[in-house]
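Engineer: Next up is a structure, given as structure tokens.
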Number of protein chains: 2
Amino acid sequence: VSSLEALETPCLLLDRARLEANCRRMREAVRCHGVTLRPHLKTAKSLDVAKAAFGGSDARGVTVSTLDEAAYFVERGLGDQIYAVGIVPDKLARVAELQRSGATVAVITDDVDAARRIAPIAWVLGARFDVFVEIDSGQHRGGLAPDDPRLIELATILDVSDGVRLRGVLTHGGHSYQCRSIDAVAAVAEQERSSAVEAAERIRAAGIACPEVSVGSTPTALHARSLDGVTEVRAGVYVFFDLFQHAIGSCERDDLALSVLASVVSRREDAMWIDAGTLALSSERSLDAVGGSGFGEVTAADGTPLPGAPKVVGLNQEHGEVVATDGALDTAPFPIGSRVRVWPNHACITAAMFDRYHVVEETDVAGEWPRLRG
Amino acid sequence: VSSLEALETPCLLLDRARLEANCRRMREAVRCHGVTLRPHLKTAKSLDVAKAAFGGSDARGVTVSTLDEAAYFVERGLGDQIYAVGIVPDKLARVAELQRSGATVAVITDDVDAARRIAPIAWVLGARFDVFVEIDSGQHRGGLAPDDPRLIELATILDVSDGVRLRGVLTHGGHSYQCRSIDAVAAVAEQERSSAVEAAERIRAAGIACPEVSVGSTPTALHARSLDGVTEVRAGVYVFFDLFQHAIGSCERDDLALSVLASVVSRREDAMWIDAGTLALSSERSLDAVGGSGFGEVTAADGTPLPGAPKVVGLNQEHGEVVATDGALDTAPFPIGSRVRVWPNHACITAAMFDRYHVVEETDVAGEWPRLRG
């Protein structure tokens, strides 16, 4: 155990107590509905955080968004995976390689032509691929609408293909990020649920087995009023939360588990520059969409608020400009080398700027957890 | 030598011929003024790119913006460095460690109190530190104005301190990024030069040696009309250039050496999603400031323009949404798995999302160059 003062800045801090509380809260929320939680590890990219996400539960299934993540977690014993980005047939060779150790890396598709190419690739590689049909429940990113005429064609192709197993349907209610009230989130959660269940029912009505119905996003997972017909929930950012999730009502401000420790490198009378720039914080402007602004809130190194409620308003690669949002910032208490903590807009992207977490208990540094970049 | 088709997407492509031409152009531009080029390696974070930057010249001095970069290049034989972010006294222990092999990692400061702390730290560590005074030539990030009353006090502290060597003054005309014409850039270049030279002359008039005058940014380095009194120029992004540099007149569109190869993962009639999202492209919106928008231009994989001039208009962590800027995008020619190339807004930040460059000659892949993350 050492102190925050011993860390080289900028670096990534993870509050263990908050992480564990956030993970517990999500497990409870999903368990109440009687469905399984399959954490999305794109946020954390860390085995230690995955363990916290599981807590004492028996679940071990995970979600990933890159094949590097898939490889990282297969190597570390988490071999029940969904790779939840539309599969490019060229990538199936690497999926097959990852499965050679006994893992299952299920893939998703919304495309009839791509689906037709999976079976021949399975045959050539001597592999078997588990596949979900991606459903669009309103985000309009990937996926077929539940009433899309191609749905049954796609399910049939997957059902009849050798070396391919249709696991079910999958959707992501990512448009919950546009909601500004809990009721609105609950409405998106119901849309997410009913779209996925409707698609599954249509497939079943065509005489095709569709055992799994996978849905999820952090806001909808927390605020869904019913998950009838759903078999599992995927969510990721809840392990850390961030200013955006706080702004849309997913958490309290004191639930934020992830922050960046930074040092003052230059100051004027009413502004200062810290050594956390774009490559520490990322230039995510998600707060703009919820009436906020800037690239992160600034507190004292121990997490207590500072007079003037300072925030990062400008970024260069290795510099962040800090001013007050409430009056003028008094920089007198911040000689060069003073340390502050920045609370990020979007935890997934800020975390991705670093290769390790410094695990914090109160203001002690209890250890270091490696994380994957990629 | 293999083909682009063999690469796993998303990945970072570096056009070797363009890189070499860009490096040659900057060497010529600086050589004409009779000053030394000290490339800023924060853009490339790669020994191979550093070698291209030097070309056949004898110069070996470099600029870095993190101590991880400093360590990376010291280990690889580039031991004449300026660490060009205001020094935090706590970081001097690591600087001293890096210098133990005979390297010099010069630091910069604009702060009297920080400057006073350098000598005692040098004494305790048995180290010597080379220091530049940071001058504000108009960017208003770090630095003292050349007529700031504290300038002579700061220079005197550095001059009289044991274990400290005042190397000179340093400024970065980063406000050249706000220029919208070559004449405006040339005016900032003159402001950058004259501010640094004025500061150096004031220090010399106080009887203090001030041998070096270091200035630079890519636009000002290319368009300065005089560098009288300057001893070296620092610049970084010129090795790759990007859409922003093109927009402000630093380069031609065909000079861009860096791009991201991506695959189509989902498509609708008039839009498609690729596997290059925030973690491949970064969410830099620098184009917004020059009348553009979006997160990158999309061309065919071989770099040729596509009908409708598509660009990336939306980003999630691993998804980029592509639409046409000119009419509706016809996605018929883009089945799932089709490959495209994305040309980034800000090359420094996009490059930082990857751990290697795939070096491209025409459409052949000639090799892989590792790069540092951090």
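Residues are named by chain letter and number: chains run A, B, ... in the order of the structure tokens, numbers start at 1 in each chain, and ligands are numbered from 1 in the order shown.
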Return the neighbours of chain B among the residues of chain A, cut-off 9 Å, counting only C-alpha atoms, as a ChimeraX atom specification.

Structural biologist: /A:8-9,42,65-66,85-91,109-111,113-114,141-143,263-268,272-273,275,278-279,282-285,317-319,321,335-338,348-349,352-355,373-374

Engineer: Residues near B:Ala93, anyone? I mean within 9 Å using only C-alpha atoms, not counting same-chain ones fewer than 4 positions away, as an MDAnalysis selection string.

Structural biologist: chainID B and resid 89 97:98 121:122 125 127

Engineer: If you run DSSP over the backbone, which residues in stretch 88-216 of chain B end up strand (DSSP E)? Put them as number ranges by chain.

Structural biologist: B: 104-109, 129-135, 164-171, 212-215

Engineer: The selected residues should be written to file as a PDB file, in the first residue's frame (atoms: C-alpha atoms).

Structural biologist:
ATOM      1  CA  THR B 104      20.322  14.544 -22.021  1.00  0.00           C
ATOM      2  CA  VAL B 105      16.600  15.060 -21.471  1.00  0.00           C
ATOM      3  CA  ALA B 106      16.274  18.839 -21.265  1.00  0.00           C
ATOM      4  CA  VAL B 107      13.172  20.159 -19.486  1.00  0.00           C
ATOM      5  CA  ILE B 108      11.158  23.377 -19.724  1.00  0.00           C
ATOM      6  CA  THR B 109       9.613  25.661 -17.132  1.00  0.00           C
ATOM      7  CA  PHE B 129      19.430  19.251 -15.587  1.00  0.00           C
ATOM      8  CA  ASP B 130      19.348  21.266 -18.788  1.00  0.00           C
ATOM      9  CA  VAL B 131      16.460  23.717 -18.714  1.00  0.00           C
ATOM     10  CA  PHE B 132      14.705  25.971 -21.229  1.00  0.00           C
ATOM     11  CA  VAL B 133      12.520  28.878 -20.193  1.00  0.00           C
ATOM     12  CA  GLU B 134       9.107  28.437 -21.814  1.00  0.00           C
ATOM     13  CA  ILE B 135       7.920  31.577 -23.623  1.00  0.00           C
ATOM     14  CA  VAL B 164      21.254  23.371 -13.590  1.00  0.00           C
ATOM     15  CA  ARG B 165      22.196  24.648 -17.040  1.00  0.00           C
ATOM     16  CA  LEU B 166      20.070  27.294 -18.749  1.00  0.00           C
ATOM     17  CA  ARG B 167      20.043  26.167 -22.358  1.00  0.00           C
ATOM     18  CA  GLY B 168      17.863  28.930 -23.719  1.00  0.00           C
ATOM     19  CA  VAL B 169      14.262  29.806 -24.487  1.00  0.00           C
ATOM     20  CA  LEU B 170      11.565  27.706 -26.120  1.00  0.00           C
ATOM     21  CA  THR B 171       8.154  28.526 -27.540  1.00  0.00           C
ATOM     22  CA  GLU B 212      19.476  28.381 -27.741  1.00  0.00           C
ATOM     23  CA  VAL B 213      16.256  29.731 -29.234  1.00  0.00           C
ATOM     24  CA  SER B 214      13.849  26.899 -29.992  1.00  0.00           C
ATOM     25  CA  VAL B 215      10.557  27.507 -31.815  1.00  0.00           C
TER      26      VAL B 215
END

Engineer: Put chain A on top of chain B with a least-squares fit on all C-alpha atoms, paired in order, and send it back as a CSV table (one decimal) with C-alpha atoms, in the first residue's frame.

Structural biologist:
chain,number,residue,atom,x,y,z
A,1,VAL,CA,5.5,-8.1,-49.1
A,2,SER,CA,1.8,-8.9,-48.8
A,3,SER,CA,-1.4,-7.2,-49.8
A,4,LEU,CA,-3.8,-5.0,-47.9
A,5,GLU,CA,-6.4,-7.8,-48.0
A,6,ALA,CA,-4.3,-9.9,-45.6
A,7,LEU,CA,-4.4,-7.3,-42.8
A,8,GLU,CA,-6.9,-7.6,-39.9
A,9,THR,CA,-9.0,-4.5,-39.6
A,10,PRO,CA,-9.0,-1.9,-38.1
A,11,CYS,CA,-5.3,-1.2,-38.6
A,12,LEU,CA,-3.1,1.8,-39.2
A,13,LEU,CA,-1.5,2.3,-42.6
A,14,LEU,CA,1.6,4.4,-43.3
A,15,ASP,CA,2.4,5.3,-46.9
A,16,ARG,CA,6.2,5.2,-47.0
A,17,ALA,CA,6.7,7.4,-50.1
A,18,ARG,CA,4.5,10.1,-48.7
A,19,LEU,CA,6.2,9.9,-45.3
A,20,GLU,CA,9.6,10.3,-46.9
A,21,ALA,CA,8.5,13.2,-49.1
A,22,ASN,CA,6.9,15.0,-46.1
A,23,CYS,CA,10.1,14.6,-44.1
A,24,ARG,CA,12.2,15.8,-47.0
A,25,ARG,CA,10.0,18.8,-47.4
A,26,MET,CA,10.4,19.9,-43.8
A,27,ARG,CA,14.1,19.3,-43.7
A,28,GLU,CA,14.4,21.5,-46.8
A,29,ALA,CA,12.1,24.2,-45.3
A,30,VAL,CA,14.2,24.4,-42.1
A,31,ARG,CA,17.6,24.0,-43.8
A,32,CYS,CA,16.9,27.1,-46.0
A,33,HIS,CA,16.9,29.2,-42.9
A,34,GLY,CA,20.1,27.7,-41.7
A,35,VAL,CA,18.7,26.2,-38.5
A,36,THR,CA,18.4,22.7,-37.1
A,37,LEU,CA,15.3,20.6,-37.2
A,38,ARG,CA,14.4,18.8,-33.9
A,39,PRO,CA,11.4,16.6,-34.8
A,40,HIS,CA,8.7,16.2,-32.2
A,41,LEU,CA,8.2,12.5,-31.9
A,42,LYS,CA,4.9,12.7,-30.0
A,43,THR,CA,3.2,12.2,-33.3
A,44,ALA,CA,5.0,9.1,-34.5
A,45,LYS,CA,6.3,7.5,-31.3
A,46,SER,CA,8.4,5.3,-33.6
A,47,LEU,CA,12.1,4.9,-34.2
A,48,ASP,CA,11.5,4.0,-37.8
A,49,VAL,CA,9.6,7.2,-38.4
A,50,ALA,CA,12.3,9.2,-36.5
A,51,LYS,CA,14.9,7.8,-38.9
A,52,ALA,CA,12.7,8.9,-41.9
A,53,ALA,CA,12.5,12.4,-40.3
A,54,PHE,CA,16.3,12.6,-40.1
A,55,GLY,CA,16.8,11.2,-43.6
A,56,GLY,CA,20.4,11.8,-44.7
A,57,SER,CA,21.0,14.7,-42.3
A,58,ASP,CA,23.3,14.6,-39.3
A,59,ALA,CA,20.8,15.9,-36.8
A,60,ARG,CA,19.8,13.6,-34.1
A,61,GLY,CA,18.1,15.8,-31.5
A,62,VAL,CA,14.4,15.1,-30.8
A,63,THR,CA,11.5,16.5,-28.9
A,64,VAL,CA,9.2,14.3,-26.7
A,65,SER,CA,6.0,15.0,-24.7
A,66,THR,CA,6.0,12.2,-22.2
A,67,LEU,CA,8.7,10.5,-20.1
A,68,ASP,CA,7.6,7.2,-21.6
A,69,GLU,CA,8.5,8.6,-25.0
A,70,ALA,CA,11.8,9.9,-23.5
A,71,ALA,CA,12.6,6.4,-22.2
A,72,TYR,CA,11.7,4.7,-25.5
A,73,PHE,CA,14.0,6.9,-27.5
A,74,VAL,CA,16.8,7.0,-25.0
A,75,GLU,CA,16.8,3.1,-25.1
A,76,ARG,CA,17.0,3.3,-28.9
A,77,GLY,CA,19.9,5.7,-29.1
A,78,LEU,CA,18.2,9.1,-29.5
A,79,GLY,CA,19.6,10.6,-26.3
A,80,ASP,CA,19.5,14.4,-27.2
A,81,GLN,CA,16.0,15.3,-26.2
A,82,ILE,CA,13.8,18.1,-25.0
A,83,TYR,CA,10.8,17.0,-22.9
A,84,ALA,CA,8.6,19.9,-24.0
A,85,VAL,CA,5.8,19.9,-21.4
A,86,GLY,CA,6.3,22.1,-18.3
A,87,ILE,CA,8.4,20.1,-15.8
A,88,VAL,CA,6.8,18.9,-12.6
A,89,PRO,CA,9.6,18.7,-10.1
A,90,ASP,CA,8.4,15.2,-9.0
A,91,LYS,CA,9.3,14.0,-12.5
A,92,LEU,CA,12.9,15.0,-12.3
A,93,ALA,CA,13.9,11.7,-10.6
A,94,ARG,CA,12.9,9.8,-13.7
A,95,VAL,CA,14.6,12.4,-15.9
A,96,ALA,CA,17.8,11.8,-13.9
A,97,GLU,CA,17.4,8.0,-14.3
A,98,LEU,CA,17.0,8.4,-18.1
A,99,GLN,CA,20.2,10.6,-18.2
A,100,ARG,CA,22.3,7.9,-16.4
A,101,SER,CA,23.2,6.3,-19.7
A,102,GLY,CA,24.6,9.6,-21.0
A,103,ALA,CA,21.5,11.0,-22.5
A,104,THR,CA,20.3,14.5,-22.0
A,105,VAL,CA,16.6,15.1,-21.5
A,106,ALA,CA,16.3,18.8,-21.3
A,107,VAL,CA,13.2,20.2,-19.5
A,108,ILE,CA,11.1,23.4,-19.7
A,109,THR,CA,9.6,25.7,-17.1
A,110,ASP,CA,7.7,28.9,-16.9
A,111,ASP,CA,7.5,29.0,-13.1
A,112,VAL,CA,9.8,30.7,-10.6
A,113,ASP,CA,8.9,28.4,-7.8
A,114,ALA,CA,9.3,25.2,-9.8
A,115,ALA,CA,12.7,26.6,-11.1
A,116,ARG,CA,13.8,27.1,-7.5
A,117,ARG,CA,13.1,23.4,-6.7
A,118,ILE,CA,15.3,22.0,-9.6
A,119,ALA,CA,18.7,22.7,-8.0
A,120,PRO,CA,18.0,21.0,-4.7
A,121,ILE,CA,16.6,18.0,-6.5
A,122,ALA,CA,19.7,17.9,-8.8
A,123,TRP,CA,21.9,18.0,-5.6
A,124,VAL,CA,20.0,15.2,-3.9
A,125,LEU,CA,20.1,13.0,-7.0
A,126,GLY,CA,23.6,13.9,-8.1
A,127,ALA,CA,22.2,14.9,-11.4
A,128,ARG,CA,22.4,17.9,-13.8
A,129,PHE,CA,19.4,19.2,-15.6
A,130,ASP,CA,19.3,21.3,-18.8
A,131,VAL,CA,16.5,23.7,-18.7
A,132,PHE,CA,14.7,26.0,-21.2
A,133,VAL,CA,12.5,28.9,-20.2
A,134,GLU,CA,9.1,28.4,-21.8
A,135,ILE,CA,7.9,31.6,-23.6
A,136,ASP,CA,4.3,32.4,-24.6
A,137,SER,CA,4.4,33.7,-28.1
A,138,GLY,CA,0.6,34.0,-28.4
A,139,GLN,CA,-0.9,30.5,-27.9
A,140,HIS,CA,-1.5,31.4,-24.2
A,141,ARG,CA,-1.1,27.8,-23.0
A,142,GLY,CA,2.1,27.7,-21.0
A,143,GLY,CA,5.0,30.2,-21.0
A,144,LEU,CA,5.9,33.7,-19.9
A,145,ALA,CA,5.4,36.6,-22.3
A,146,PRO,CA,8.7,37.9,-23.5
A,147,ASP,CA,8.2,41.2,-21.6
A,148,ASP,CA,7.0,39.4,-18.4
A,149,PRO,CA,8.8,40.9,-15.4
A,150,ARG,CA,9.5,37.4,-14.0
A,151,LEU,CA,11.5,36.4,-17.1
A,152,ILE,CA,14.8,37.7,-15.7
A,153,GLU,CA,14.1,36.4,-12.2
A,154,LEU,CA,13.5,32.9,-13.7
A,155,ALA,CA,16.6,33.0,-15.9
A,156,THR,CA,18.7,34.2,-13.0
A,157,ILE,CA,17.5,31.4,-10.8
A,158,LEU,CA,18.4,28.8,-13.5
A,159,ASP,CA,21.7,30.6,-14.2
A,160,VAL,CA,23.0,30.6,-10.7
A,161,SER,CA,21.8,27.2,-9.6
A,162,ASP,CA,24.3,24.4,-9.2
A,163,GLY,CA,23.4,21.3,-11.2
A,164,VAL,CA,21.3,23.4,-13.6
A,165,ARG,CA,22.2,24.6,-17.0
A,166,LEU,CA,20.1,27.3,-18.7
A,167,ARG,CA,20.0,26.2,-22.4
A,168,GLY,CA,17.9,28.9,-23.7
A,169,VAL,CA,14.3,29.8,-24.5
A,170,LEU,CA,11.6,27.7,-26.1
A,171,THR,CA,8.2,28.5,-27.5
A,172,HIS,CA,5.4,26.8,-29.5
A,173,GLY,CA,3.3,28.9,-31.9
A,174,GLY,CA,0.3,26.5,-31.5
A,175,HIS,CA,-2.1,29.3,-32.3
A,176,SER,CA,-1.0,28.8,-35.9
A,177,TYR,CA,-3.7,26.1,-35.9
A,178,GLN,CA,-6.3,28.8,-35.8
A,179,CYS,CA,-5.0,30.5,-39.0
A,180,ARG,CA,-7.0,30.2,-42.2
A,181,SER,CA,-4.4,31.5,-44.7
A,182,ILE,CA,-0.7,31.1,-45.4
A,183,ASP,CA,-0.2,34.8,-44.7
A,184,ALA,CA,-1.8,34.4,-41.3
A,185,VAL,CA,0.4,31.5,-40.6
A,186,ALA,CA,3.5,33.5,-41.7
A,187,ALA,CA,2.4,36.2,-39.3
A,188,VAL,CA,2.2,33.8,-36.4
A,189,ALA,CA,5.6,32.4,-37.4
A,190,GLU,CA,7.0,35.9,-37.1
A,191,GLN,CA,5.3,36.4,-33.8
A,192,GLU,CA,6.8,33.0,-32.6
A,193,ARG,CA,10.2,34.0,-33.8
A,194,SER,CA,10.2,37.5,-32.5
A,195,SER,CA,8.8,36.6,-29.1
A,196,ALA,CA,11.5,33.9,-28.5
A,197,VAL,CA,14.3,36.1,-29.8
A,198,GLU,CA,13.1,39.1,-27.7
A,199,ALA,CA,13.0,36.9,-24.6
A,200,ALA,CA,16.5,35.6,-25.4
A,201,GLU,CA,17.8,39.1,-25.9
A,202,ARG,CA,16.4,40.4,-22.6
A,203,ILE,CA,18.1,37.5,-20.8
A,204,ARG,CA,21.4,38.2,-22.6
A,205,ALA,CA,21.0,41.9,-21.8
A,206,ALA,CA,20.9,40.9,-18.1
A,207,GLY,CA,24.3,39.3,-18.5
A,208,ILE,CA,23.1,35.7,-18.7
A,209,ALA,CA,24.1,33.3,-21.4
A,210,CYS,CA,21.1,32.1,-23.5
A,211,PRO,CA,22.6,30.0,-26.3
A,212,GLU,CA,19.5,28.4,-27.7
A,213,VAL,CA,16.3,29.7,-29.2
A,214,SER,CA,13.8,26.9,-30.0
A,215,VAL,CA,10.6,27.5,-31.8
A,216,GLY,CA,8.1,25.6,-33.9
A,217,SER,CA,4.8,24.0,-35.0
A,218,THR,CA,4.2,22.4,-38.3
A,219,PRO,CA,2.4,25.3,-40.0
A,220,THR,CA,4.9,28.0,-38.8
A,221,ALA,CA,7.9,25.8,-39.6
A,222,LEU,CA,6.7,25.4,-43.2
A,223,HIS,CA,5.7,29.1,-43.7
A,224,ALA,CA,8.1,31.2,-41.7
A,225,ARG,CA,9.6,33.9,-43.8
A,226,SER,CA,12.5,34.6,-41.5
A,227,LEU,CA,14.0,32.6,-38.7
A,228,ASP,CA,16.7,35.2,-37.8
A,229,GLY,CA,18.0,34.5,-34.3
A,230,VAL,CA,16.4,31.1,-34.0
A,231,THR,CA,18.7,28.1,-33.5
A,232,GLU,CA,16.2,25.2,-33.9
A,233,VAL,CA,12.7,24.3,-35.1
A,234,ARG,CA,10.5,21.7,-33.6
A,235,ALA,CA,7.5,20.2,-35.5
A,236,GLY,CA,5.7,16.9,-35.4
A,237,VAL,CA,2.6,16.2,-37.4
A,238,TYR,CA,4.2,17.1,-40.7
A,239,VAL,CA,5.6,13.5,-40.9
A,240,PHE,CA,2.0,12.3,-41.6
A,241,PHE,CA,-0.1,15.4,-42.1
A,242,ASP,CA,-3.9,15.0,-41.8
A,243,LEU,CA,-7.2,16.5,-42.9
A,244,PHE,CA,-6.9,19.5,-40.5
A,245,GLN,CA,-3.4,20.3,-41.7
A,246,HIS,CA,-4.7,20.1,-45.3
A,247,ALA,CA,-7.6,22.4,-44.4
A,248,ILE,CA,-5.3,25.1,-43.0
A,249,GLY,CA,-2.9,24.9,-46.0
A,250,SER,CA,0.0,23.0,-44.6
A,251,CYS,CA,-0.1,20.3,-47.3
A,252,GLU,CA,-1.9,18.9,-50.3
A,253,ARG,CA,-4.5,16.3,-49.9
A,254,ASP,CA,-2.2,13.7,-51.6
A,255,ASP,CA,0.5,14.3,-48.9
A,256,LEU,CA,-1.5,12.5,-46.2
A,257,ALA,CA,0.6,9.5,-45.2
A,258,LEU,CA,-1.5,8.0,-42.4
A,259,SER,CA,-4.9,6.3,-42.7
A,260,VAL,CA,-6.9,3.6,-41.1
A,261,LEU,CA,-8.0,0.4,-43.0
A,262,ALA,CA,-11.5,-0.7,-42.0
A,263,SER,CA,-14.1,-3.2,-42.9
A,264,VAL,CA,-17.8,-2.8,-43.5
A,265,VAL,CA,-19.7,-4.6,-40.6
A,266,SER,CA,-23.3,-3.5,-41.4
A,267,ARG,CA,-25.1,-1.5,-44.0
A,268,ARG,CA,-28.4,0.1,-44.8
A,269,GLU,CA,-29.4,1.5,-48.2
A,270,ASP,CA,-27.7,4.8,-47.8
A,271,ALA,CA,-25.3,4.4,-44.8
A,272,MET,CA,-22.9,1.8,-43.6
A,273,TRP,CA,-21.0,1.0,-40.4
A,274,ILE,CA,-17.3,0.1,-40.3
A,275,ASP,CA,-15.2,-1.5,-37.6
A,276,ALA,CA,-13.3,1.7,-37.0
A,277,GLY,CA,-14.9,3.6,-34.1
A,278,THR,CA,-13.6,5.9,-31.4
A,279,LEU,CA,-10.8,3.5,-30.4
A,280,ALA,CA,-9.5,3.5,-34.0
A,281,LEU,CA,-10.1,7.0,-35.2
A,282,SER,CA,-10.3,9.0,-31.9
A,283,SER,CA,-13.2,11.4,-31.5
A,284,GLU,CA,-11.2,14.5,-32.5
A,285,ARG,CA,-13.5,17.0,-34.1
A,286,SER,CA,-10.8,19.4,-35.3
A,287,LEU,CA,-12.4,19.7,-38.8
A,288,ASP,CA,-15.4,21.5,-37.2
A,289,ALA,CA,-13.1,24.5,-36.6
A,290,VAL,CA,-12.3,24.8,-40.3
A,291,GLY,CA,-15.8,24.5,-41.8
A,292,GLY,CA,-15.7,20.7,-42.0
A,293,SER,CA,-17.3,18.0,-39.9
A,294,GLY,CA,-17.1,14.4,-39.1
A,295,PHE,CA,-14.3,12.1,-38.0
A,296,GLY,CA,-12.6,11.3,-41.2
A,297,GLU,CA,-12.9,11.0,-45.0
A,298,VAL,CA,-13.6,7.5,-46.5
A,299,THR,CA,-12.0,6.3,-49.7
A,300,ALA,CA,-11.5,3.0,-51.4
A,301,ALA,CA,-8.9,0.7,-49.8
A,302,ASP,CA,-6.4,1.8,-52.5
A,303,GLY,CA,-6.9,5.4,-51.6
A,304,THR,CA,-9.0,6.4,-54.7
A,305,PRO,CA,-12.0,8.7,-54.0
A,306,LEU,CA,-15.5,7.1,-53.8
A,307,PRO,CA,-18.7,8.5,-55.3
A,308,GLY,CA,-20.5,10.8,-52.9
A,309,ALA,CA,-17.4,11.6,-51.0
A,310,PRO,CA,-18.3,9.5,-47.9
A,311,LYS,CA,-17.2,10.4,-44.4
A,312,VAL,CA,-17.5,9.1,-40.9
A,313,VAL,CA,-20.2,11.0,-39.2
A,314,GLY,CA,-20.9,9.0,-36.1
A,315,LEU,CA,-18.7,7.0,-33.7
A,316,ASN,CA,-19.2,4.4,-31.0
A,317,GLN,CA,-16.4,2.5,-29.4
A,318,GLU,CA,-15.9,0.0,-32.2
A,319,HIS,CA,-18.3,1.3,-34.9
A,320,GLY,CA,-18.0,4.2,-37.3
A,321,GLU,CA,-21.1,5.4,-39.3
A,322,VAL,CA,-20.4,6.3,-42.9
A,323,VAL,CA,-22.7,8.4,-45.1
A,324,ALA,CA,-22.1,10.5,-48.3
A,325,THR,CA,-21.5,14.2,-48.0
A,326,ASP,CA,-22.6,14.6,-51.6
A,327,GLY,CA,-26.0,13.0,-52.2
A,328,ALA,CA,-26.9,9.6,-50.9
A,329,LEU,CA,-24.4,6.9,-50.4
A,330,ASP,CA,-24.9,3.9,-52.6
A,331,THR,CA,-24.0,0.9,-50.4
A,332,ALA,CA,-24.6,-1.7,-53.1
A,333,PRO,CA,-20.8,-2.0,-53.9
A,334,PHE,CA,-20.0,-2.6,-50.2
A,335,PRO,CA,-21.0,-6.1,-49.1
A,336,ILE,CA,-20.1,-6.9,-45.5
A,337,GLY,CA,-16.3,-7.3,-45.2
A,338,SER,CA,-15.6,-4.7,-48.0
A,339,ARG,CA,-12.6,-2.6,-47.1
A,340,VAL,CA,-12.2,1.1,-47.1
A,341,ARG,CA,-9.6,3.6,-45.9
A,342,VAL,CA,-10.3,6.4,-43.5
A,343,TRP,CA,-8.2,9.6,-43.5
A,344,PRO,CA,-8.1,11.1,-40.0
A,345,ASN,CA,-8.7,14.6,-38.8
A,346,HIS,CA,-5.8,14.6,-36.4
A,347,ALA,CA,-3.0,12.2,-37.2
A,348,CYS,CA,-1.2,12.4,-33.8
A,349,ILE,CA,-4.3,11.2,-31.9
A,350,THR,CA,-5.4,8.6,-34.4
A,351,ALA,CA,-1.9,7.1,-34.5
A,352,ALA,CA,-1.9,6.9,-30.7
A,353,MET,CA,-4.8,4.4,-30.9
A,354,PHE,CA,-2.5,1.8,-32.4
A,355,ASP,CA,0.6,-0.1,-31.4
A,356,ARG,CA,2.1,-0.5,-34.9
A,357,TYR,CA,2.2,0.9,-38.4
A,358,HIS,CA,1.6,-1.2,-41.5
A,359,VAL,CA,4.0,0.3,-44.0
A,360,VAL,CA,2.4,0.6,-47.4
A,361,GLU,CA,4.1,1.0,-50.8
A,362,GLU,CA,1.3,1.6,-53.3
A,363,THR,CA,-1.1,-1.1,-52.2
A,364,ASP,CA,1.6,-3.6,-51.0
A,365,VAL,CA,2.3,-4.0,-47.4
A,366,ALA,CA,6.1,-3.8,-47.1
A,367,GLY,CA,6.4,-4.3,-43.3
A,368,GLU,CA,5.4,-3.4,-39.8
A,369,TRP,CA,6.9,-0.7,-37.6
A,370,PRO,CA,6.2,-0.9,-33.9
A,371,ARG,CA,5.2,2.3,-32.1
A,372,LEU,CA,5.0,3.2,-28.4
A,373,ARG,CA,1.7,3.8,-26.7
A,374,GLY,CA,2.2,6.2,-23.8
